[in-house]
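A.B. asks: Just so it is clear, I am handing over my_file-v3.pdb, which has PDB, C-alpha atoms.
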```
ATOM      1  CA  MET T 126       4.637  33.770  32.506
ATOM      2  CA  LYS T 127       7.082  35.463  34.833
ATOM      3  CA  LEU T 128       5.684  33.483  37.731
ATOM      4  CA  ALA T 129       5.967  30.229  35.827
ATOM      5  CA  GLY T 130       9.583  31.106  35.005
ATOM      6  CA  ALA T 131      10.402  31.779  38.644
ATOM      7  CA  LEU T 132       8.704  28.568  39.665
ATOM      8  CA  PHE T 133      10.629  26.639  37.070
ATOM      9  CA  ALA T 134      13.875  28.188  38.287
ATOM     10  CA  ALA T 135      12.996  27.278  41.878
ATOM     11  CA  VAL T 136      12.332  23.676  40.927
ATOM     12  CA  ILE T 137      15.630  23.472  39.053
ATOM     13  CA  MET T 138      17.420  24.993  42.033
ATOM     14  CA  ALA T 139      15.825  22.459  44.352
ATOM     15  CA  LEU T 140      16.975  19.636  42.097
ATOM     16  CA  VAL T 141      20.488  20.917  41.606
ATOM     17  CA  ALA T 142      21.295  22.325  45.027
ATOM     18  CA  VAL T 143      21.919  19.143  46.988
ATOM     19  CA  PRO T 144      22.411  20.269  50.578
ATOM     20  CA  ALA T 145      25.830  19.550  52.028
ATOM     21  CA  ALA T 146      25.455  16.738  54.536
ATOM     22  CA  ALA T 147      27.589  14.060  56.116
ATOM     23  CA  GLU T 148      28.588  11.437  53.582
ATOM     24  CA  TYR T 149      26.709   8.138  53.895
ATOM     25  CA  ALA T 150      28.251   5.859  56.572
ATOM     26  CA  ASP T 151      30.687   8.309  58.143
ATOM     27  CA  VAL T 152      31.422   7.192  61.706
ATOM     28  CA  VAL T 153      32.051   9.550  64.629
ATOM     29  CA  LEU T 154      34.111   8.110  67.502
ATOM     30  CA  ASN T 155      33.868  10.124  70.659
ATOM     31  CA  LYS T 156      33.923   7.884  73.699
ATOM     32  CA  ARG T 157      36.941   9.562  75.198
ATOM     33  CA  SER T 158      38.288  12.120  72.737
ATOM     34  CA  GLU T 159      36.428  15.198  73.843
ATOM     35  CA  LYS T 160      36.670  14.324  77.521
ATOM     36  CA  GLU T 161      40.417  14.271  77.039
ATOM     37  CA  GLY T 162      40.567  17.551  75.219
ATOM     38  CA  VAL T 163      40.749  16.631  71.526
ATOM     39  CA  ARG T 164      38.128  16.847  68.757
ATOM     40  CA  PRO T 165      35.980  13.737  68.075
ATOM     41  CA  VAL T 166      37.295  11.347  65.409
ATOM     42  CA  VAL T 167      35.600  11.150  61.987
ATOM     43  CA  PHE T 168      36.105   7.838  60.173
ATOM     44  CA  PRO T 169      35.026   7.860  56.496
ATOM     45  CA  HIS T 170      33.867   4.408  55.261
ATOM     46  CA  TRP T 171      33.681   5.559  51.629
ATOM     47  CA  PHE T 172      37.329   6.603  51.611
ATOM     48  CA  HIS T 173      38.572   3.347  53.123
ATOM     49  CA  ARG T 174      36.371   0.935  51.154
ATOM     50  CA  ILE T 175      37.824   2.234  47.903
ATOM     51  CA  ARG T 176      41.174   0.906  49.173
ATOM     52  CA  PHE T 177      40.304  -2.023  51.461
ATOM     53  CA  GLN T 178      37.641  -4.694  51.581
ATOM     54  CA  CYS T 179      35.486  -4.791  54.700
ATOM     55  CA  ARG T 180      37.190  -8.013  55.794
ATOM     56  CA  VAL T 181      40.482  -6.216  56.427
ATOM     57  CA  CYS T 182      39.046  -4.155  59.265
ATOM     58  CA  HIS T 183      36.088  -6.232  60.340
ATOM     59  CA  HIS T 184      37.888  -9.588  60.306
ATOM     60  CA  GLU T 185      41.694  -9.283  60.247
ATOM     61  CA  LEU T 186      41.890  -6.275  62.540
ATOM     62  CA  GLY T 187      38.921  -7.282  64.659
ATOM     63  CA  PHE T 188      36.744  -4.158  64.467
ATOM     64  CA  LYS T 189      33.278  -5.328  65.552
ATOM     65  CA  MET T 190      30.484  -4.207  63.204
ATOM     66  CA  ARG T 191      28.654  -2.100  65.721
ATOM     67  CA  VAL T 192      29.313   1.543  66.270
ATOM     68  CA  GLY T 193      30.733   2.079  69.734
ATOM     69  CA  ALA T 194      31.407  -1.628  70.292
ATOM     70  CA  ASN T 195      35.175  -1.270  69.937
ATOM     71  CA  ASP T 196      37.202   0.208  72.727
ATOM     72  CA  VAL T 197      39.790   2.032  70.700
ATOM     73  CA  THR T 198      42.385   3.969  72.651
ATOM     74  CA  MET T 199      45.248   6.124  71.505
ATOM     75  CA  ASN T 200      47.723   3.786  73.228
ATOM     76  CA  GLU T 201      46.543   0.825  71.185
ATOM     77  CA  ILE T 202      46.708   2.863  67.994
ATOM     78  CA  SER T 203      50.311   3.786  68.748
ATOM     79  CA  GLU T 204      51.029   0.103  69.409
ATOM     80  CA  GLY T 205      49.771  -0.778  65.930
ATOM     81  CA  LYS T 206      46.265  -2.007  66.758
ATOM     82  CA  PHE T 207      42.985  -0.816  65.159
ATOM     83  CA  CYS T 208      43.608   2.324  63.072
ATOM     84  CA  GLY T 209      47.274   1.988  63.983
ATOM     85  CA  ALA T 210      47.629  -1.199  61.930
ATOM     86  CA  CYS T 211      47.702   1.086  58.894
ATOM     87  CA  HIS T 212      48.249   4.576  60.254
ATOM     88  CA  ASN T 213      51.830   3.813  61.143
ATOM     89  CA  GLY T 214      53.723   5.835  58.562
ATOM     90  CA  ASP T 215      53.952   2.750  56.367
ATOM     91  CA  ILE T 216      50.589   1.774  54.827
ATOM     92  CA  ALA T 217      49.172   5.235  55.599
ATOM     93  CA  TRP T 218      50.417   8.384  57.306
ATOM     94  CA  GLY T 219      51.228   7.985  60.970
ATOM     95  CA  ALA T 220      49.452   8.536  64.263
ATOM     96  CA  ASP T 221      51.353  11.782  64.797
ATOM     97  CA  ARG T 222      49.008  13.601  62.412
ATOM     98  CA  CYS T 223      46.393  14.128  65.090
ATOM     99  CA  ASP T 224      44.186  16.620  63.259
ATOM    100  CA  LEU T 225      43.465  14.398  60.266
ATOM    101  CA  CYS T 226      41.590  11.922  62.482
ATOM    102  CA  HIS T 227      40.479  14.286  65.228
ATOM    103  CA  SER T 228      38.568  16.569  62.865
ATOM    104  CA  GLY T 229      35.007  16.318  64.229
ATOM    105  CA  LYS T 230      32.690  18.997  65.431
ATOM    106  CA  PRO T 231      32.779  19.257  69.223
ATOM    107  CA  GLY T 232      29.707  17.833  70.917
ATOM    108  CA  LEU T 233      28.950  15.056  68.430
ATOM    109  CA  PRO T 234      28.058  11.683  69.961
ATOM    110  CA  THR T 235      29.605   8.384  68.819
ATOM    111  CA  GLY T 236      27.486   7.093  65.950
ATOM    112  CA  ILE T 237      27.067   6.457  62.247
ATOM    113  CA  PHE T 238      25.908   9.392  60.147
ATOM    114  CA  GLY T 239      25.038  10.490  56.662
ATOM    115  CA  GLY T 240      22.530   9.898  53.917
ATOM    116  CA  HIS T 241      18.885  10.858  53.873
ATOM    117  CA  GLU T 242      17.957   7.226  54.513
ATOM    118  CA  THR T 243      20.016   6.824  57.626
ATOM    119  CA  GLY T 244      18.231   9.478  59.647
ATOM    120  CA  GLY T 245      15.140   7.391  60.323
ATOM    121  CA  PRO T 246      14.123   5.236  63.241
ATOM    122  CA  GLY T 247      16.499   2.489  64.293
ATOM    123  CA  ARG T 248      19.763   2.466  62.514
ATOM    124  CA  TRP T 249      18.856   3.310  58.915
TER     125      TRP T 249
ATOM    126  CA  MET Y 161      32.998  18.972  54.230
ATOM    127  CA  ARG Y 162      33.112  22.317  55.962
ATOM    128  CA  LYS Y 163      29.322  22.247  56.130
ATOM    129  CA  ASP Y 164      28.608  18.537  56.456
ATOM    130  CA  GLY Y 165      27.679  18.816  60.124
ATOM    131  CA  LEU Y 166      30.395  16.368  61.168
ATOM    132  CA  HIS Y 167      33.676  18.141  60.536
ATOM    133  CA  ASP Y 168      34.691  21.115  62.628
ATOM    134  CA  PRO Y 169      34.958  23.975  60.123
ATOM    135  CA  LYS Y 170      37.783  25.336  62.279
ATOM    136  CA  SER Y 171      39.819  22.133  62.045
ATOM    137  CA  PRO Y 172      43.070  22.476  60.108
ATOM    138  CA  ALA Y 173      42.261  19.107  58.482
ATOM    139  CA  ILE Y 174      39.457  20.604  56.373
ATOM    140  CA  LYS Y 175      41.914  21.746  53.761
ATOM    141  CA  GLN Y 176      43.724  18.395  53.684
ATOM    142  CA  LEU Y 177      40.950  15.819  53.717
ATOM    143  CA  GLN Y 178      39.509  14.653  50.423
ATOM    144  CA  GLU Y 179      35.990  15.785  49.494
ATOM    145  CA  PRO Y 180      33.727  12.729  48.905
ATOM    146  CA  ARG Y 181      32.621  14.211  45.596
ATOM    147  CA  GLU Y 182      36.147  14.229  44.288
ATOM    148  CA  ALA Y 183      36.671  10.521  44.936
ATOM    149  CA  LEU Y 184      33.177   9.178  44.326
ATOM    150  CA  SER Y 185      32.270  11.029  41.141
ATOM    151  CA  ARG Y 186      34.593   8.705  39.204
ATOM    152  CA  LEU Y 187      32.622   5.623  40.298
ATOM    153  CA  PRO Y 188      29.402   4.186  38.775
ATOM    154  CA  PRO Y 189      26.509   6.393  39.939
ATOM    155  CA  ASP Y 190      23.569   5.296  42.077
ATOM    156  CA  THR Y 191      20.372   6.934  43.312
ATOM    157  CA  THR Y 192      20.944   6.459  47.019
ATOM    158  CA  GLY Y 193      23.454   5.809  49.821
ATOM    159  CA  ASN Y 194      26.942   6.842  48.765
ATOM    160  CA  MET Y 195      25.514   7.458  45.276
ATOM    161  CA  VAL Y 196      27.885   4.718  44.174
ATOM    162  CA  ARG Y 197      27.014   1.256  42.809
ATOM    163  CA  TRP Y 198      29.774  -0.503  44.695
ATOM    164  CA  VAL Y 199      29.100  -3.881  43.083
ATOM    165  CA  GLN Y 200      29.670  -2.355  39.660
ATOM    166  CA  ALA Y 201      32.676  -0.399  40.852
ATOM    167  CA  LEU Y 202      34.335  -3.717  41.732
ATOM    168  CA  GLU Y 203      33.118  -5.486  38.631
ATOM    169  CA  THR Y 204      34.457  -2.877  36.246
ATOM    170  CA  GLY Y 205      37.745  -2.731  38.131
ATOM    171  CA  VAL Y 206      37.662   1.054  38.726
ATOM    172  CA  ILE Y 207      38.418   0.197  42.341
ATOM    173  CA  GLN Y 208      40.518  -2.715  43.580
ATOM    174  CA  PRO Y 209      40.260  -2.746  47.357
ATOM    175  CA  ARG Y 210      42.875  -4.949  49.017
ATOM    176  CA  PRO Y 211      41.642  -8.211  50.562
ATOM    177  CA  SER Y 212      44.276  -8.263  53.307
ATOM    178  CA  LEU Y 213      47.159  -6.380  54.865
ATOM    179  CA  LYS Y 214      49.328  -9.473  54.422
ATOM    180  CA  PRO Y 215      50.874  -9.841  50.992
ATOM    181  CA  GLY Y 216      49.698 -12.733  48.837
ATOM    182  CA  VAL Y 217      46.490 -13.439  50.758
ATOM    183  CA  GLU Y 218      43.549 -13.934  48.387
ATOM    184  CA  ALA Y 219      39.909 -13.346  49.220
ATOM    185  CA  GLU Y 220      37.827 -16.501  49.659
ATOM    186  CA  ILE Y 221      34.986 -16.059  47.156
ATOM    187  CA  LEU Y 222      31.907 -18.281  47.243
ATOM    188  CA  ASP Y 223      29.742 -18.178  44.114
ATOM    189  CA  ARG Y 224      26.436 -19.481  45.375
ATOM    190  CA  ASP Y 225      23.054 -17.766  45.223
ATOM    191  CA  ILE Y 226      20.546 -18.442  47.971
ATOM    192  CA  LEU Y 227      16.807 -17.933  47.585
ATOM    193  CA  LEU Y 228      15.055 -16.846  50.759
ATOM    194  CA  ASP Y 229      11.423 -16.498  51.711
ATOM    195  CA  LEU Y 230       9.769 -18.823  49.276
ATOM    196  CA  LYS Y 231       6.325 -18.430  50.806
ATOM    197  CA  GLY Y 232       5.953 -14.636  51.283
ATOM    198  CA  SER Y 233       4.031 -11.998  49.374
ATOM    199  CA  MET Y 234       6.953  -9.842  48.210
ATOM    200  CA  PRO Y 235       9.126 -11.096  45.352
ATOM    201  CA  ILE Y 236      11.598 -13.797  46.480
ATOM    202  CA  ILE Y 237      14.941 -12.663  47.914
ATOM    203  CA  LEU Y 238      18.065 -13.637  46.048
ATOM    204  CA  PHE Y 239      21.102 -13.498  48.312
ATOM    205  CA  PRO Y 240      24.293 -13.560  46.199
ATOM    206  CA  HIS Y 241      27.267 -15.025  48.140
ATOM    207  CA  LYS Y 242      29.611 -13.843  45.421
ATOM    208  CA  ARG Y 243      28.802 -10.159  45.842
ATOM    209  CA  HIS Y 244      29.271 -10.468  49.573
ATOM    210  CA  THR Y 245      32.434 -12.540  49.713
ATOM    211  CA  GLN Y 246      34.078 -10.061  47.330
ATOM    212  CA  TRP Y 247      34.024  -7.726  50.344
ATOM    213  CA  LEU Y 248      33.442  -9.811  53.447
ATOM    214  CA  ALA Y 249      34.832 -12.823  55.301
ATOM    215  CA  CYS Y 250      32.606 -15.822  55.982
ATOM    216  CA  ALA Y 251      33.008 -15.082  59.698
ATOM    217  CA  ASN Y 252      31.283 -11.721  59.302
ATOM    218  CA  CYS Y 253      28.054 -13.679  58.823
ATOM    219  CA  HIS Y 254      28.662 -17.332  59.784
ATOM    220  CA  ASP Y 255      27.627 -18.550  62.233
ATOM    221  CA  GLY Y 256      27.015 -15.514  64.409
ATOM    222  CA  VAL Y 257      24.424 -13.849  62.173
ATOM    223  CA  PHE Y 258      23.304 -16.594  59.761
ATOM    224  CA  GLU Y 259      23.419 -20.397  59.892
ATOM    225  CA  LYS Y 260      25.343 -22.200  57.152
ATOM    226  CA  GLN Y 261      22.222 -23.954  55.998
ATOM    227  CA  THR Y 262      19.556 -22.486  53.765
ATOM    228  CA  GLY Y 263      16.339 -21.944  55.678
ATOM    229  CA  ALA Y 264      17.855 -22.554  59.119
ATOM    230  CA  THR Y 265      17.964 -18.903  60.180
ATOM    231  CA  LYS Y 266      14.693 -17.307  61.172
ATOM    232  CA  MET Y 267      14.700 -13.992  59.332
ATOM    233  CA  SER Y 268      12.171 -11.217  59.288
ATOM    234  CA  MET Y 269      11.867  -7.814  57.687
ATOM    235  CA  PHE Y 270      11.075  -6.385  61.110
ATOM    236  CA  GLN Y 271      14.446  -7.406  62.517
ATOM    237  CA  ILE Y 272      16.184  -6.260  59.358
ATOM    238  CA  LEU Y 273      14.645  -2.809  59.695
ATOM    239  CA  ALA Y 274      15.800  -2.765  63.322
ATOM    240  CA  GLY Y 275      19.391  -3.123  62.131
ATOM    241  CA  GLU Y 276      19.826  -6.871  62.586
ATOM    242  CA  GLN Y 277      20.554  -9.614  60.009
ATOM    243  CA  CYS Y 278      20.815  -8.056  56.519
ATOM    244  CA  GLY Y 279      20.178  -4.688  58.210
ATOM    245  CA  ILE Y 280      23.518  -4.766  60.024
ATOM    246  CA  CYS Y 281      25.125  -3.587  56.786
ATOM    247  CA  HIS Y 282      22.252  -2.552  54.533
ATOM    248  CA  GLY Y 283      21.173   0.836  55.712
ATOM    249  CA  ALA Y 284      24.366   1.560  57.619
ATOM    250  CA  VAL Y 285      27.096   1.123  55.003
ATOM    251  CA  SER Y 286      25.705  -0.795  52.009
ATOM    252  CA  PHE Y 287      22.713   0.205  49.879
ATOM    253  CA  PRO Y 288      19.814   1.106  52.174
ATOM    254  CA  LEU Y 289      16.634  -0.799  52.969
ATOM    255  CA  THR Y 290      14.486   1.566  50.950
ATOM    256  CA  GLU Y 291      15.710  -0.357  47.878
ATOM    257  CA  CYS Y 292      13.293  -3.262  48.355
ATOM    258  CA  PHE Y 293      13.715  -4.806  44.931
ATOM    259  CA  ARG Y 294      17.457  -5.166  44.995
ATOM    260  CA  CYS Y 295      16.908  -7.937  47.577
ATOM    261  CA  HIS Y 296      13.368  -8.971  46.671
ATOM    262  CA  SER Y 297      14.492  -9.444  43.093
ATOM    263  CA  VAL Y 298      12.953 -12.719  41.904
ATOM    264  CA  VAL Y 299       9.309 -12.185  41.019
ATOM    265  CA  ARG Y 300       6.632 -14.787  41.678
ATOM    266  CA  PRO Y 301       4.221 -15.886  38.958
ATOM    267  CA  GLY Y 302       1.899 -13.007  38.091
ATOM    268  CA  GLN Y 303       4.169 -10.283  39.544
ATOM    269  CA  VAL Y 304       5.751  -7.665  37.298
ATOM    270  CA  LYS Y 305       9.483  -7.220  37.733
ATOM    271  CA  PRO Y 306      10.134  -3.725  39.056
ATOM    272  CA  ALA Y 307      12.907  -1.894  37.246
ATOM    273  CA  ILE Y 308      15.938  -0.620  39.156
ATOM    274  CA  PRO Y 309      16.438   2.925  37.897
ATOM    275  CA  PRO Y 310      19.800   3.971  36.479
ATOM    276  CA  GLY Y 311      22.068   6.139  38.618
ATOM    277  CA  LEU Y 312      21.413   9.873  38.636
ATOM    278  CA  PRO Y 313      23.721  12.106  36.640
ATOM    279  CA  ARG Y 314      26.633  13.205  38.773
ATOM    280  CA  SER Y 315      25.658  16.868  38.632
ATOM    281  CA  HIS Y 316      22.532  16.003  40.619
ATOM    282  CA  ASN Y 317      23.493  13.495  43.194
ATOM    283  CA  LEU Y 318      26.660  14.232  45.113
ATOM    284  CA  PRO Y 319      26.721  16.767  47.908
ATOM    285  CA  GLY Y 320      29.242  19.566  48.003
ATOM    286  CA  PRO Y 321      30.491  21.959  45.359
ATOM    287  CA  PRO Y 322      30.904  20.480  41.861
TER     288      PRO Y 322
END
```
Would it be possible to restate this file's structure as structure tokens?

C.D. replies:
Amino acid sequence: MKLAGALFAAVIMALVAVPAAAEYADVVLNKRSEKEGVRPVVFPHWFHRIRFQCRVCHHELGFKMRVGANDVTMNEISEGKFCGACHNGDIAWGADRCDLCHSGKPGLPTGIFGGHETGGPGRW
Amino acid sequence: MRKDGLHDPKSPAIKQLQEPREALSRLPPDTTGNMVRWVQALETGVIQPRPSLKPGVEAEILDRDILLDLKGSMPIILFPHKRHTQWLACANCHDGVFEKQTGATKMSMFQILAGEQCGICHGAVSFPLTECFRCHSVVRPGQVKPAIPPGLPRSHNLPGPP
């Protein structure tokens, strides 16, 4: 009886305790960041797609839909391209708030992360 | 977020960034991906993502369903233009990824699983490829329509502290 109770509790725990993991479709950008002494960038798709349709970034602003395919530099962001089209102190907070974008764990490669389904072979 | 494996727990941003759970728990639940049924989130109006940075620009919506793979063994694929053009521009797919003529593009599940064609988005950002019957949704004679399960209760399906 006791054993069954413990087992039951363990099963409930396993169901309830969802392990903390990267949110589905988070993108890490780290082509240059760490080499130049700042943390990698973490871009959250979920946060942005609540506010903007895909077409805004992937059509109007010209972000190619392939992780690592865009050569984003800090200069271009300051000039209002890529992230800087919004992170300009007008549509969203400005490019001076370094830490909010450069928040990644050191050592992470550029890539798309998150979700139990995305860890498999290929891209998913 | 502190423990998600992506954010540096020592970063000062940890305290300022929004936890996914906080934002997503208000949206229609799913069983996979972001744990959000994004199509429903749009439909019910709980989110209204902007179509453009320029004021007054409307999204170009095309309401046309396309049936793909009429000869295969899986249920037929129904590709809804409407659900896609509510998010995407025509140029995201035409003509680089798909031809603008039904049947003209050679598609295969193998390429999709390798992250091409439908797999560019499905699996990376949109609902993943494990959800066969959301695409293969039109059953052939003699097949039983598989049910798409309802979203899990929020207490079970979002990572991070409740």

A.B. asks: Pick out the residues sitting within 9 Å of Val152 in chain T, and hand them over as an MDAnalysis selection string; count all atoms listed in the file, and ignore anything fewer than 4 positions along from it in its own chain.

C.D. replies: chainID T and resid 166:170 192 235:239

A.B. asks: Between Y:Cys281, Y:Val299, Y:Leu248, Y:Val217, which has the minimum distance to chain T (counting all atoms listed in the file)?

C.D. replies: Y:Leu248

A.B. asks: On this structure, the PyMOL selection byres ((chain T and resi 179) around 12) would catch which residues? List them as a VMD selection string, sorted by chain and number.

C.D. replies: (chain T and resid 170 to 178 180 to 190) or (chain Y and resid 209 to 213 219 244 to 252 281 285 to 286)

A.B. asks: Only residues of chain Y matter here; which ones have an atom within 9 Å of chain T, counting all atoms listed in the file? Give them as a PyMOL selection string.

C.D. replies: chain Y and resi 161-174+176-178+180+183-184+192-195+207-213+219+245-249+251-252+273-275+279-286+288-290+315-321

A.B. asks: Rounded to one decimal place, report the CA of Ile237 in chain Y-CA of Cys295 in chain Y distance in Å.

C.D. replies: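 Taking CA of Ile237 in chain Y and CA of Cys295 in chain Y, their separation equals 5.1 Å.
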
A.B. asks: Could you list, as a list in words, every residue within 12 Å of Arg294 in chain Y, counting all atoms listed in the file and ignoring same-chain residues fewer than 6 positions away?

C.D. replies: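 Near Arg294 in chain Y, the qualifying residues are Arg197, Val199, Met234, Pro235, Ile236, Ile237, Leu238, Phe239, Pro240, His282, Ser286, Phe287, Pro288, Lys305, Pro306, Ala307, Ile308 and Pro309 of chain Y.
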
A.B. asks: Which distance in Å separates CA of Cys253 in chain Y and CA of Arg300 in chain Y, to one decimal?

C.D. replies: 27.5 Å

A.B. asks: Residues at most 10 Å from range 264-268 of chain Y, counting all atoms listed in the file, excluding those fewer than 6 positions away in the same chain, as a ChimeraX atom specification?

C.D. replies: /Y:228-229,255,257-258,276-278

A.B. asks: Would you mind telling me which residue in Y:Cys292, Y:Val298, Y:Ala201, Y:Ile226 lies nearest to Thr262 in chain Y when using all atoms listed in the file?

C.D. replies: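 Among the listed residues, Y:Ile226 lies closest to Thr262 in chain Y.
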
A.B. asks: Around (47.8, -1.1, 65.9), as given in the file, which residues come within 9 Å? Count all atoms listed in the file and list them as a JSON list (two decimals) with C-alpha atoms, in the coordinates of the input.

C.D. replies:
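So the final result, stored in result-v1.json, reads:
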```json
[["chain", "number", "residue", "atom", "x", "y", "z"],
["T", 186, "LEU", "CA", 41.89, -6.28, 62.54],
["T", 200, "ASN", "CA", 47.72, 3.79, 73.23],
["T", 201, "GLU", "CA", 46.54, 0.82, 71.18],
["T", 202, "ILE", "CA", 46.71, 2.86, 67.99],
["T", 203, "SER", "CA", 50.31, 3.79, 68.75],
["T", 204, "GLU", "CA", 51.03, 0.10, 69.41],
["T", 205, "GLY", "CA", 49.77, -0.78, 65.93],
["T", 206, "LYS", "CA", 46.26, -2.01, 66.76],
["T", 207, "PHE", "CA", 42.98, -0.82, 65.16],
["T", 208, "CYS", "CA", 43.61, 2.32, 63.07],
["T", 209, "GLY", "CA", 47.27, 1.99, 63.98],
["T", 210, "ALA", "CA", 47.63, -1.20, 61.93],
["T", 211, "CYS", "CA", 47.70, 1.09, 58.89],
["T", 212, "HIS", "CA", 48.25, 4.58, 60.25],
["T", 213, "ASN", "CA", 51.83, 3.81, 61.14]]
```

A.B. asks: Just the number, please: distance in Å from CA of Phe270 in chain Y to CA of His241 in chain Y, one decimal.

C.D. replies: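 Rounded to one decimal, the two atoms are 22.5 Å apart.
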
A.B. asks: To verify the selection step, state as a list in words which residues the PyMOL selection byres ((chain Y and resi 223) around 6) yields on this input.

C.D. replies: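 Given this file, the PyMOL selection byres ((chain Y and resi 223) around 6) evaluates to Leu222, Arg224, His241 and Lys242 of chain Y.
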
A.B. asks: Write a file for range 212-218 of chain T of the given structure; include all heavy atoms and format it as a tab-separated table (two decimals), in the first residue's frame.

C.D. replies:
```tsv
chain	number	residue	atom	x	y	z
T	212	HIS	N	14.15	48.15	-32.14
T	212	HIS	CA	14.85	48.47	-30.89
T	212	HIS	C	15.62	49.78	-31.07
T	212	HIS	O	16.84	49.81	-31.16
T	212	HIS	CB	15.76	47.31	-30.47
T	212	HIS	CG	14.96	46.13	-29.99
T	212	HIS	ND1	14.44	46.04	-28.73
T	212	HIS	CD2	14.54	45.01	-30.63
T	212	HIS	CE1	13.75	44.92	-28.59
T	212	HIS	NE2	13.81	44.28	-29.74
T	213	ASN	N	14.83	50.84	-31.13
T	213	ASN	CA	15.38	52.16	-31.42
T	213	ASN	C	14.85	53.20	-30.43
T	213	ASN	O	14.92	54.39	-30.67
T	213	ASN	CB	15.02	52.57	-32.86
T	213	ASN	CG	13.51	52.46	-33.10
T	213	ASN	OD1	12.73	52.26	-32.18
T	213	ASN	ND2	13.10	52.58	-34.35
T	214	GLY	N	14.27	52.71	-29.33
T	214	GLY	CA	13.71	53.64	-28.36
T	214	GLY	C	12.34	54.16	-28.76
T	214	GLY	O	11.75	54.98	-28.07
T	215	ASP	N	11.82	53.65	-29.89
T	215	ASP	CA	10.53	54.13	-30.37
T	215	ASP	C	9.51	52.99	-30.32
T	215	ASP	O	8.62	52.97	-29.46
T	215	ASP	CB	10.73	54.66	-31.81
T	215	ASP	CG	9.44	55.19	-32.42
T	215	ASP	OD1	8.51	55.46	-31.65
T	215	ASP	OD2	9.39	55.32	-33.66
T	216	ILE	N	9.66	51.99	-31.20
T	216	ILE	CA	8.76	50.84	-31.18
T	216	ILE	C	9.06	49.95	-29.97
T	216	ILE	O	8.16	49.41	-29.33
T	216	ILE	CB	8.91	50.04	-32.50
T	216	ILE	CG1	8.41	50.93	-33.65
T	216	ILE	CG2	8.12	48.74	-32.45
T	216	ILE	CD1	8.66	50.36	-35.03
T	217	ALA	N	10.33	49.79	-29.65
T	217	ALA	CA	10.76	49.04	-28.47
T	217	ALA	C	11.97	49.75	-27.87
T	217	ALA	O	12.55	50.62	-28.51
T	217	ALA	CB	11.12	47.60	-28.85
T	218	TRP	N	12.35	49.34	-26.67
T	218	TRP	CA	13.49	49.97	-26.01
T	218	TRP	C	14.73	49.92	-26.91
T	218	TRP	O	14.84	49.07	-27.79
T	218	TRP	CB	13.77	49.34	-24.64
T	218	TRP	CG	13.55	47.85	-24.59
T	218	TRP	CD1	12.45	47.20	-24.15
T	218	TRP	CD2	14.46	46.83	-25.05
T	218	TRP	NE1	12.60	45.84	-24.30
T	218	TRP	CE2	13.82	45.60	-24.83
T	218	TRP	CE3	15.74	46.83	-25.59
T	218	TRP	CZ2	14.43	44.38	-25.16
T	218	TRP	CZ3	16.34	45.64	-25.93
T	218	TRP	CH2	15.68	44.42	-25.71
```
